[in-house]
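Presented below is the structure to which this report refers.
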Amino acid sequence: MSELVFCKLGGSIITDKQRPSTPRSEVIERLAHEVAAALDARPELRLLLGHGSGSFGHVVAEKHAVHRGIADDQSWWGFAETSAVAGQLNRIVTDTFIRAGVPVVSIQPSASARCKGGELVALDEHAICEALRHGLVPLVYGDVAFDDEQGCTIISTEAEFAYLAHRLRPARIVLIGEVDGVYDGDPQTDRAASRIPRVTLDTFAQIEDRLGGSHGVDVTGGMLAKVRDMVHLVAQGDTLRVHLFSGLLEGALTRVLLGTDSQVGTIIQA
């Protein structure tokens, strides 16, 4: 049976998180060609792509506190505006991957997502399964969602992956950011910070208090939230492996998707 891989392009790598609504167009294009190269080498590989919202959705969501729910009528305007800018970035990613020869099909999470207290409780996977069945590459992204308790919230791509993983059973989850994996300090401010090549269920508790948030605005919790969510996910499936690494390493995405490079970044497994 062909291998199913979930792959997220983090907002930190596809946008300039210090400048609102600023895509890193050259990086997106390079990553698109690296995905195309992997699919050319392994046509049987099934891939679910996702991307973060970076300086598009996060900045607007923070401005209106969309992730905290509805406070007044202005909050609903913030919900609509956040949805619009998240969609703008998704259009850029979609068009770039299509030009690179990757048959992506954009699937808007907010069209079917339902949350309760900020947690994703429902997301229709039918269109994703159909796209995979026909050899297409479904593309989801960080988006707004209606919430049964607080009116609205933000759903991260990791939350969508975690929900879908229970139903689609991927063999691997690949998370691409600006930093090459998990460090025992902030590598952007601490030169002594060391990369942690492997995180297990047992070792996570030892490093949890050393993981930071995010450079730039991030309403979904930054690195700590990402690693915690992935550790909880692998705890529920012994064979699942999560690989975090930097998208600034040219060619690494192709190698990781092909399973030929386990030396970059950090691997999380049970």
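Chain lettering (A, B, ...) mirrors the order of the structure tokens, residue numbering begins at 1 for each chain separately, and ligand numbering begins at 1 in order of display.
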What are the closest atom pairs, with distances in Å to one decimal, for each residue of stretch 128-187 of chain A lying within 6 Å of stretch 237-254 of chain A, using only C-alpha atoms, rows by chain and rising residue number, as CSV?
residue,atom,partner,partner_atom,distance
A:Ala171,CA,A:Leu240,CA,5.4
A:Arg172,CA,A:Arg241,CA,4.9
A:Ile173,CA,A:Val242,CA,4.7
A:Val174,CA,A:His243,CA,4.9
A:Leu175,CA,A:Leu244,CA,4.7
A:Ile176,CA,A:Phe245,CA,5.3
A:Gly177,CA,A:Ser246,CA,5.0
A:Glu178,CA,A:Ser246,CA,5.0
A:Val179,CA,A:Ser246,CA,5.0
A:Asp180,CA,A:Ser246,CA,4.2
A:Gly181,CA,A:Phe245,CA,4.5
Q) Quick one: of A:Ala131, A:Val231, A:Ile70, A:Ala84, who's nearest to A:Val105, counting only C-alpha atoms? A)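 Selected residue with least distance to A:Val105: A:Ala131.
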Q | Shortest interatomic distance to A:Pro103 - which of A:Val121, A:Leu49, A:Met223, A:Ala41, counting only C-alpha atoms | A | A:Leu49
Q: Once DSSP has gone over the backbone, tell me which residues of stretch 41-261 of chain A are in helix (DSSP H, G or I), as a PyMOL selection string.
A: chain A and resi 41+54-64+66-68+73-99+109-111+126-133+157-168+201-210+222-234+252-258
Q. Which of these, A:Gly101, A:Asp40, A:Arg167, A:Ile154, has the shortest distance to A:Cys129 once you count only C-alpha atoms?
A.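 Looking only at the distances to A:Cys129, the closest residue turns out to be A:Arg167.
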(Q) Neighbouring residues of A:Pro187 were defined as those with any atom within 12 Å, considering only C-alpha atoms; residues of the same chain fewer than 5 positions away were excluded. Please report them as a PyMOL selection string. (A) chain A and resi 178-182+192-196+210-212+214-215
May I have the selected residues written with N, CA and C atoms, as an mmCIF file, in the first residue's frame?
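For reference, out38.cif as written:
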data_model
loop_
_atom_site.group_PDB
_atom_site.id
_atom_site.type_symbol
_atom_site.label_atom_id
_atom_site.label_comp_id
_atom_site.auth_asym_id
_atom_site.auth_seq_id
_atom_site.Cartn_x
_atom_site.Cartn_y
_atom_site.Cartn_z
ATOM 1 N N GLU A 178 11.136 27.592 10.049
ATOM 2 C CA GLU A 178 12.345 28.360 9.789
ATOM 3 C C GLU A 178 13.537 27.786 10.548
ATOM 4 N N VAL A 179 13.265 27.194 11.713
ATOM 5 C CA VAL A 179 14.310 26.627 12.570
ATOM 6 C C VAL A 179 14.451 25.138 12.276
ATOM 7 N N ASP A 180 15.677 24.643 12.338
ATOM 8 C CA ASP A 180 15.942 23.238 12.002
ATOM 9 C C ASP A 180 15.612 22.315 13.169
ATOM 10 N N GLY A 181 14.336 22.193 13.470
ATOM 11 C CA GLY A 181 13.897 21.257 14.488
ATOM 12 C C GLY A 181 13.695 21.877 15.850
ATOM 13 N N VAL A 182 13.802 21.031 16.881
ATOM 14 C CA VAL A 182 13.572 21.424 18.265
ATOM 15 C C VAL A 182 14.917 21.653 18.945
ATOM 16 N N ALA A 192 24.337 29.149 22.223
ATOM 17 C CA ALA A 192 24.663 27.885 22.880
ATOM 18 C C ALA A 192 23.544 26.858 22.767
ATOM 19 N N ALA A 193 22.399 27.256 22.197
ATOM 20 C CA ALA A 193 21.273 26.330 22.074
ATOM 21 C C ALA A 193 21.649 25.169 21.155
ATOM 22 N N SER A 194 21.278 23.963 21.562
ATOM 23 C CA SER A 194 21.614 22.767 20.792
ATOM 24 C C SER A 194 20.358 22.110 20.233
ATOM 25 N N ARG A 195 20.486 21.593 19.013
ATOM 26 C CA ARG A 195 19.381 20.869 18.401
ATOM 27 C C ARG A 195 19.191 19.521 19.077
ATOM 28 N N ILE A 196 17.945 19.141 19.280
ATOM 29 C CA ILE A 196 17.607 17.849 19.860
ATOM 30 C C ILE A 196 17.172 16.937 18.715
ATOM 31 N N ARG A 210 11.741 24.239 28.284
ATOM 32 C CA ARG A 210 12.779 24.982 27.567
ATOM 33 C C ARG A 210 12.339 25.391 26.158
ATOM 34 N N LEU A 211 11.157 24.951 25.749
ATOM 35 C CA LEU A 211 10.678 25.293 24.411
ATOM 36 C C LEU A 211 9.983 26.642 24.438
ATOM 37 N N GLY A 212 10.283 27.466 23.455
ATOM 38 C CA GLY A 212 9.732 28.816 23.414
ATOM 39 C C GLY A 212 8.491 28.908 22.563
ATOM 40 N N SER A 214 7.049 31.811 19.570
ATOM 41 C CA SER A 214 7.273 32.063 18.155
ATOM 42 C C SER A 214 7.798 33.476 17.962
ATOM 43 N N HIS A 215 8.695 33.660 16.992
ATOM 44 C CA HIS A 215 9.128 35.000 16.611
ATOM 45 C C HIS A 215 8.075 35.575 15.668
#
